[in-house]
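Everything below concerns the one structure shown next.
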Amino acid sequence: MGRPARRGAGMAMLRTLSVLLSLLVPAHSTRSPDCGGILTPSGLRYLAEVSKPHAESVLRRDLVAPPAPDPSPTSPSSRNQITSVKVDKFSLTLIPDAGMRLSIEAELGVTSAPSATKEMRLSILADLHVEMNPEGNLELVTSDCKPTLEEVQSTEETDSKSSGLDIDKQINIEKICLEVSKLLLFPNERLMSLAAPFPITPSCQVQYLPLAAPMYSEQGIIISLQTTFQVAGTVIPLPVSPVPFIMPEPASSSPSHLILAFSEHFYTSLFSALEESGALNSSLTTATLAERITQMGSLFQEDLPVVLQAVTRSAPHVVLEEGKAIVQLFLTAQIGAGSSLFQSFLSVNVDVTARLHLSVAGTRMIISVAAIEDIELSLATSDVGPILAALLEELFLPTIREEVPAQINGVLRQGVSLPHIASFTYTNVNITIHKDYVLIPCNLQLEARTGQTSTWK
């Protein structure tokens, strides 16, 4: 409450991104984004920082010559050889409306027999951008590359120009430029992992599909995504959003590496997919109902367990308001008897309004029921005669208040995967719920293979 200026800046900053996201999709397309994100300049700096050791390793592997056998005294070798590589500078900067600029400076240690040494500086300036290939995958492309090689220091008395030419022959400049994107830690394999399907339940998966190549603005690299859900391996049709997702733009100086945004339609689609998969249905045995409904004895010749089965009767709906996320569930509670052959004798329509709690653990969004806000009951069918509304509430309210949160929390206990690329997780996460959308600013964190993590601020 005490930050009106900051909130105003955040709202102003979010408007540009909404326009840019809407421009990513052609007007004639029936596909529209329901979530998206922006990789900020801070995020680019982080990716450059963690890519630097990787780039040095790749350059060392490609440039350093293998140890040569000792030359014979009668025919000493005078051939220059690169013996060390040290990357001094590795940076990524945004070029609005175009892409990114990669700048690398590396010191090369060069020796020649018998003991002369020199230092050469390899500079690489490359322009990169991300395209969408015909298969619909994002692909990092080099549009321009300018490598230069110059001598910095030498203990050799030979002509430096000729020795420089000798080194030039050993360095395959064309290959370096052709593969310059591999010096980064997010090559095309990692970009493809963004669109991989992620499990929500054993039978339900989520997949984030890029709708177009990213756009580049002063705020960062902006990408729009459309979510699809699969149930039992089949993509299910979902209700179409009445309006395209328009997300406010982020503040121009966001300290976060990445800002994710999810529309209200995304959450409605998620719960619709869970409903389609049957994950929201539940069943439990209760003795209380049998004791209170005395007419049951006339229906069955023997004592049978009384079972309550809750099934969805229509698709759920999620409403996002400032600081609040609400899910509306429309259920039918069927009461019957029998363990093997279920025989329903009473059904009640149940409309539940529940407040959701959102959090993030790693690359997963944890969604749980924080509280039941409202329950409406109405008798649908009855084989045991009329039942007063007060008795319906007495019979069902305690069970529903307990069972609905338990069912949803159990289904979503593993969380829902956020859009992410392989080997990176999220930290310093802050979730803000606004009207019609959820904003998730966060930092990137590289997961090291040793089990440790690498962070940079």
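Lettering and numbering for the structure tokens are positional, with chains as A, B, ... in the shown order, residues counted from 1 in each chain, and ligands counted from 1 in the shown order.
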Exercise. In region 172-351 of chain A, what's strand (DSSP E or B) per DSSP? Answer as a ChimeraX atom specification?
Worked result: /A:198-201,204-210,215-217,220-231,234-235,258-263,282-285,306-321,324-337,343-351
Kindly save the residues from that selection, with C-alpha atoms included, as a PDB file, in the first residue's frame.
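Contents of result-v7.pdb, freshly written:
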```
ATOM      1  CA  PHE A 198       5.633 -30.608 -19.056  1.00  0.00           C
ATOM      2  CA  PRO A 199       3.485 -32.945 -16.915  1.00  0.00           C
ATOM      3  CA  ILE A 200       0.872 -31.564 -14.520  1.00  0.00           C
ATOM      4  CA  THR A 201      -0.771 -34.875 -13.597  1.00  0.00           C
ATOM      5  CA  CYS A 204      -2.371 -34.043 -18.281  1.00  0.00           C
ATOM      6  CA  GLN A 205       0.475 -32.015 -19.806  1.00  0.00           C
ATOM      7  CA  VAL A 206       1.074 -28.330 -20.524  1.00  0.00           C
ATOM      8  CA  GLN A 207       3.052 -26.953 -23.454  1.00  0.00           C
ATOM      9  CA  TYR A 208       4.060 -23.364 -24.227  1.00  0.00           C
ATOM     10  CA  LEU A 209       4.280 -22.662 -27.950  1.00  0.00           C
ATOM     11  CA  PRO A 210       5.948 -19.505 -29.298  1.00  0.00           C
ATOM     12  CA  MET A 215      10.714  -8.655 -30.517  1.00  0.00           C
ATOM     13  CA  TYR A 216      13.473  -6.395 -29.237  1.00  0.00           C
ATOM     14  CA  SER A 217      12.828  -3.161 -27.392  1.00  0.00           C
ATOM     15  CA  GLY A 220      14.229  -6.346 -23.320  1.00  0.00           C
ATOM     16  CA  ILE A 221      13.510  -9.363 -25.507  1.00  0.00           C
ATOM     17  CA  ILE A 222       9.767  -9.937 -25.657  1.00  0.00           C
ATOM     18  CA  ILE A 223       8.150 -13.266 -26.501  1.00  0.00           C
ATOM     19  CA  SER A 224       4.500 -14.263 -26.684  1.00  0.00           C
ATOM     20  CA  LEU A 225       3.354 -17.803 -25.966  1.00  0.00           C
ATOM     21  CA  GLN A 226       0.193 -19.791 -26.454  1.00  0.00           C
ATOM     22  CA  THR A 227      -0.550 -22.573 -23.998  1.00  0.00           C
ATOM     23  CA  THR A 228      -1.867 -25.943 -25.093  1.00  0.00           C
ATOM     24  CA  PHE A 229      -2.945 -28.770 -22.803  1.00  0.00           C
ATOM     25  CA  GLN A 230      -2.856 -32.472 -23.582  1.00  0.00           C
ATOM     26  CA  VAL A 231      -5.005 -35.091 -21.897  1.00  0.00           C
ATOM     27  CA  THR A 234      -4.315 -35.563 -27.177  1.00  0.00           C
ATOM     28  CA  VAL A 235      -4.472 -31.777 -27.387  1.00  0.00           C
ATOM     29  CA  LEU A 258      12.922 -12.010 -16.432  1.00  0.00           C
ATOM     30  CA  ILE A 259       9.286 -10.953 -16.189  1.00  0.00           C
ATOM     31  CA  LEU A 260       6.650 -13.602 -16.873  1.00  0.00           C
ATOM     32  CA  ALA A 261       2.989 -12.763 -17.330  1.00  0.00           C
ATOM     33  CA  PHE A 262      -0.072 -15.031 -17.376  1.00  0.00           C
ATOM     34  CA  SER A 263      -3.552 -14.019 -18.434  1.00  0.00           C
ATOM     35  CA  SER A 282     -13.600 -37.089  -6.237  1.00  0.00           C
ATOM     36  CA  SER A 283     -15.238 -39.879  -4.310  1.00  0.00           C
ATOM     37  CA  LEU A 284     -15.442 -40.669  -0.609  1.00  0.00           C
ATOM     38  CA  THR A 285     -17.385 -42.981   1.682  1.00  0.00           C
ATOM     39  CA  VAL A 306     -22.841 -44.606   1.354  1.00  0.00           C
ATOM     40  CA  VAL A 307     -20.615 -42.926  -1.251  1.00  0.00           C
ATOM     41  CA  LEU A 308     -20.424 -39.258  -2.241  1.00  0.00           C
ATOM     42  CA  GLN A 309     -19.121 -38.651  -5.752  1.00  0.00           C
ATOM     43  CA  ALA A 310     -18.375 -35.092  -6.848  1.00  0.00           C
ATOM     44  CA  VAL A 311     -18.101 -34.555 -10.622  1.00  0.00           C
ATOM     45  CA  THR A 312     -17.815 -31.357 -12.621  1.00  0.00           C
ATOM     46  CA  ARG A 313     -20.953 -30.406 -14.534  1.00  0.00           C
ATOM     47  CA  SER A 314     -19.413 -27.510 -16.489  1.00  0.00           C
ATOM     48  CA  ALA A 315     -15.997 -25.943 -17.057  1.00  0.00           C
ATOM     49  CA  PRO A 316     -14.401 -24.033 -14.167  1.00  0.00           C
ATOM     50  CA  HIS A 317     -13.704 -20.319 -14.416  1.00  0.00           C
ATOM     51  CA  VAL A 318     -10.914 -18.223 -12.910  1.00  0.00           C
ATOM     52  CA  VAL A 319     -11.275 -14.531 -12.100  1.00  0.00           C
ATOM     53  CA  LEU A 320      -8.239 -12.337 -11.394  1.00  0.00           C
ATOM     54  CA  GLU A 321      -8.665  -9.151  -9.409  1.00  0.00           C
ATOM     55  CA  LYS A 324      -6.773 -11.838  -5.543  1.00  0.00           C
ATOM     56  CA  ALA A 325      -7.293 -14.998  -7.645  1.00  0.00           C
ATOM     57  CA  ILE A 326     -10.644 -16.792  -7.525  1.00  0.00           C
ATOM     58  CA  VAL A 327     -11.656 -20.141  -9.042  1.00  0.00           C
ATOM     59  CA  GLN A 328     -15.314 -20.978  -9.554  1.00  0.00           C
ATOM     60  CA  LEU A 329     -16.168 -24.683  -9.674  1.00  0.00           C
ATOM     61  CA  PHE A 330     -19.501 -26.074 -10.819  1.00  0.00           C
ATOM     62  CA  LEU A 331     -20.004 -29.557  -9.428  1.00  0.00           C
ATOM     63  CA  THR A 332     -22.696 -32.139  -9.018  1.00  0.00           C
ATOM     64  CA  ALA A 333     -22.503 -34.178  -5.832  1.00  0.00           C
ATOM     65  CA  GLN A 334     -24.100 -37.583  -6.288  1.00  0.00           C
ATOM     66  CA  ILE A 335     -24.936 -39.659  -3.225  1.00  0.00           C
ATOM     67  CA  GLY A 336     -25.427 -43.344  -3.653  1.00  0.00           C
ATOM     68  CA  ALA A 337     -24.690 -46.746  -2.232  1.00  0.00           C
ATOM     69  CA  GLN A 343     -26.536 -46.594  -7.299  1.00  0.00           C
ATOM     70  CA  SER A 344     -27.284 -42.886  -6.975  1.00  0.00           C
ATOM     71  CA  PHE A 345     -30.370 -41.837  -5.008  1.00  0.00           C
ATOM     72  CA  LEU A 346     -29.633 -38.125  -4.512  1.00  0.00           C
ATOM     73  CA  SER A 347     -27.803 -35.447  -6.491  1.00  0.00           C
ATOM     74  CA  VAL A 348     -27.052 -31.890  -5.484  1.00  0.00           C
ATOM     75  CA  ASN A 349     -25.670 -29.041  -7.594  1.00  0.00           C
ATOM     76  CA  VAL A 350     -22.740 -27.415  -5.831  1.00  0.00           C
ATOM     77  CA  ASP A 351     -21.216 -24.081  -6.894  1.00  0.00           C
TER      78      ASP A 351
END
```
For this session: Using only C-alpha atoms, determine which residues lie at most 8 Å from Ser181 (chain A), disregarding the query and same-chain residues fewer than 4 positions distant; provide the list as a list in words.
Result: Leu128, Leu140, Val141, Thr142 and Pro187 of chain A
Restricting it to C-alpha atoms, dump the selection as a PDB file, in the first residue's frame.
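Ended up saving to selection_9.pdb:
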```
ATOM      1  CA  LEU A 128      22.498 -12.158 -33.171  1.00  0.00           C
ATOM      2  CA  LEU A 140      19.482 -18.323 -32.647  1.00  0.00           C
ATOM      3  CA  VAL A 141      20.926 -16.857 -35.853  1.00  0.00           C
ATOM      4  CA  THR A 142      24.092 -14.836 -36.530  1.00  0.00           C
ATOM      5  CA  PRO A 187      22.147 -22.626 -27.973  1.00  0.00           C
TER       6      PRO A 187
END
```
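The coordinates place CA of Thr83 (chain A) at 19.5 Å from CA of Pro147 (chain A).
Counting only C-alpha atoms, the residue from A:Leu59, A:Val152, A:Leu138, A:Leu184 that sits nearest to Ala212 (chain A) is A:Leu138.
Rounded to one decimal, CA of Asp374 (chain A) and CA of Thr353 (chain A) lie 5.1 Å from each other.
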Problem set entry | Test item: residues at most 8 Å from region 420-423 of chain A, only C-alpha atoms, excluding those fewer than 4 positions along its chain, as an NGL selection string | :A and (190-194 or 363 or 446-448)
Seminar exercise, completed: Pairwise distance, CA of Lys146 (chain A) with CA of Ala116 (chain A), equals 29.0 Å
For this session: Check the DSSP output for the backbone and give back, as an MDAnalysis selection string, the residues of region 48-271 of chain A in alpha helix (DSSP H).
Result: chainID A and resid 48:63 160:170 173:178 188:193 264:271
Exercise. Residues at most 8 Å from region 98-101 of chain A, counting only C-alpha atoms, excluding those fewer than 5 positions away in the same chain, as a ChimeraX atom specification?
Worked result: /A:91-93,125-130,215-216
Store the residues of this selection in a file with N, CA, C and O atoms, as an mmCIF file, in the first residue's frame.
```
data_model
loop_
_atom_site.group_PDB
_atom_site.id
_atom_site.type_symbol
_atom_site.label_atom_id
_atom_site.label_comp_id
_atom_site.auth_asym_id
_atom_site.auth_seq_id
_atom_site.Cartn_x
_atom_site.Cartn_y
_atom_site.Cartn_z
ATOM 1 N N SER A 91 30.171 -9.834 -23.407
ATOM 2 C CA SER A 91 28.981 -9.034 -23.102
ATOM 3 C C SER A 91 27.898 -9.246 -24.147
ATOM 4 O O SER A 91 28.176 -9.556 -25.308
ATOM 5 N N LEU A 92 26.649 -9.065 -23.701
ATOM 6 C CA LEU A 92 25.474 -9.117 -24.566
ATOM 7 C C LEU A 92 24.689 -7.840 -24.342
ATOM 8 O O LEU A 92 24.357 -7.501 -23.202
ATOM 9 N N THR A 93 24.401 -7.121 -25.406
ATOM 10 C CA THR A 93 23.620 -5.906 -25.288
ATOM 11 C C THR A 93 22.472 -5.945 -26.289
ATOM 12 O O THR A 93 22.552 -6.612 -27.332
ATOM 13 N N LEU A 125 32.965 -9.378 -32.724
ATOM 14 C CA LEU A 125 31.761 -8.565 -32.606
ATOM 15 C C LEU A 125 30.711 -9.193 -33.513
ATOM 16 O O LEU A 125 30.876 -9.246 -34.729
ATOM 17 N N ALA A 126 29.646 -9.713 -32.905
ATOM 18 C CA ALA A 126 28.629 -10.448 -33.674
ATOM 19 C C ALA A 126 27.232 -9.938 -33.335
ATOM 20 O O ALA A 126 26.933 -9.643 -32.175
ATOM 21 N N ASP A 127 26.412 -9.825 -34.365
ATOM 22 C CA ASP A 127 25.007 -9.467 -34.178
ATOM 23 C C ASP A 127 24.156 -10.733 -34.272
ATOM 24 O O ASP A 127 24.272 -11.504 -35.231
ATOM 25 N N LEU A 128 23.311 -10.947 -33.257
ATOM 26 C CA LEU A 128 22.498 -12.158 -33.171
ATOM 27 C C LEU A 128 21.021 -11.786 -33.071
ATOM 28 O O LEU A 128 20.670 -10.718 -32.578
ATOM 29 N N HIS A 129 20.187 -12.680 -33.521
ATOM 30 C CA HIS A 129 18.757 -12.543 -33.297
ATOM 31 C C HIS A 129 18.126 -13.927 -33.314
ATOM 32 O O HIS A 129 18.753 -14.902 -33.742
ATOM 33 N N VAL A 130 16.909 -14.016 -32.829
ATOM 34 C CA VAL A 130 16.198 -15.292 -32.753
ATOM 35 C C VAL A 130 15.108 -15.310 -33.815
ATOM 36 O O VAL A 130 14.304 -14.379 -33.909
ATOM 37 N N MET A 215 10.490 -10.049 -30.143
ATOM 38 C CA MET A 215 10.714 -8.655 -30.517
ATOM 39 C C MET A 215 11.729 -8.058 -29.558
ATOM 40 O O MET A 215 11.895 -8.535 -28.428
ATOM 41 N N TYR A 216 12.402 -7.000 -30.016
ATOM 42 C CA TYR A 216 13.473 -6.395 -29.237
ATOM 43 C C TYR A 216 13.158 -4.926 -29.002
ATOM 44 O O TYR A 216 12.961 -4.159 -29.943
#
```
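Using only C-alpha atoms, the shortest contact distance between Ala213 (chain A) and any of A:Val110, A:Ala354, A:Val369, A:Met132 is found at A:Met132.
Distances to Asn188 (chain A) were evaluated for A:Pro386, A:Glu139, A:Leu122, A:Ile104 using only C-alpha atoms, and the minimum falls at A:Glu139.
Among the candidates A:Leu44, A:Leu211, A:Met120, A:Leu185, the residue lying nearest to Asn133 (chain A) is A:Leu211 (atoms considered: only C-alpha atoms).
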Exercise. Any idea what's packed within 12 Å of Gln445 (chain A), counting only C-alpha atoms, ignoring anything in its chain fewer than 2 positions away? Could you give it as an NGL selection string?
Worked result: :A and (43 or 46-47 or 49-50 or 256-258 or 362-363 or 420-429 or 442-443 or 447-448 or 452-457)
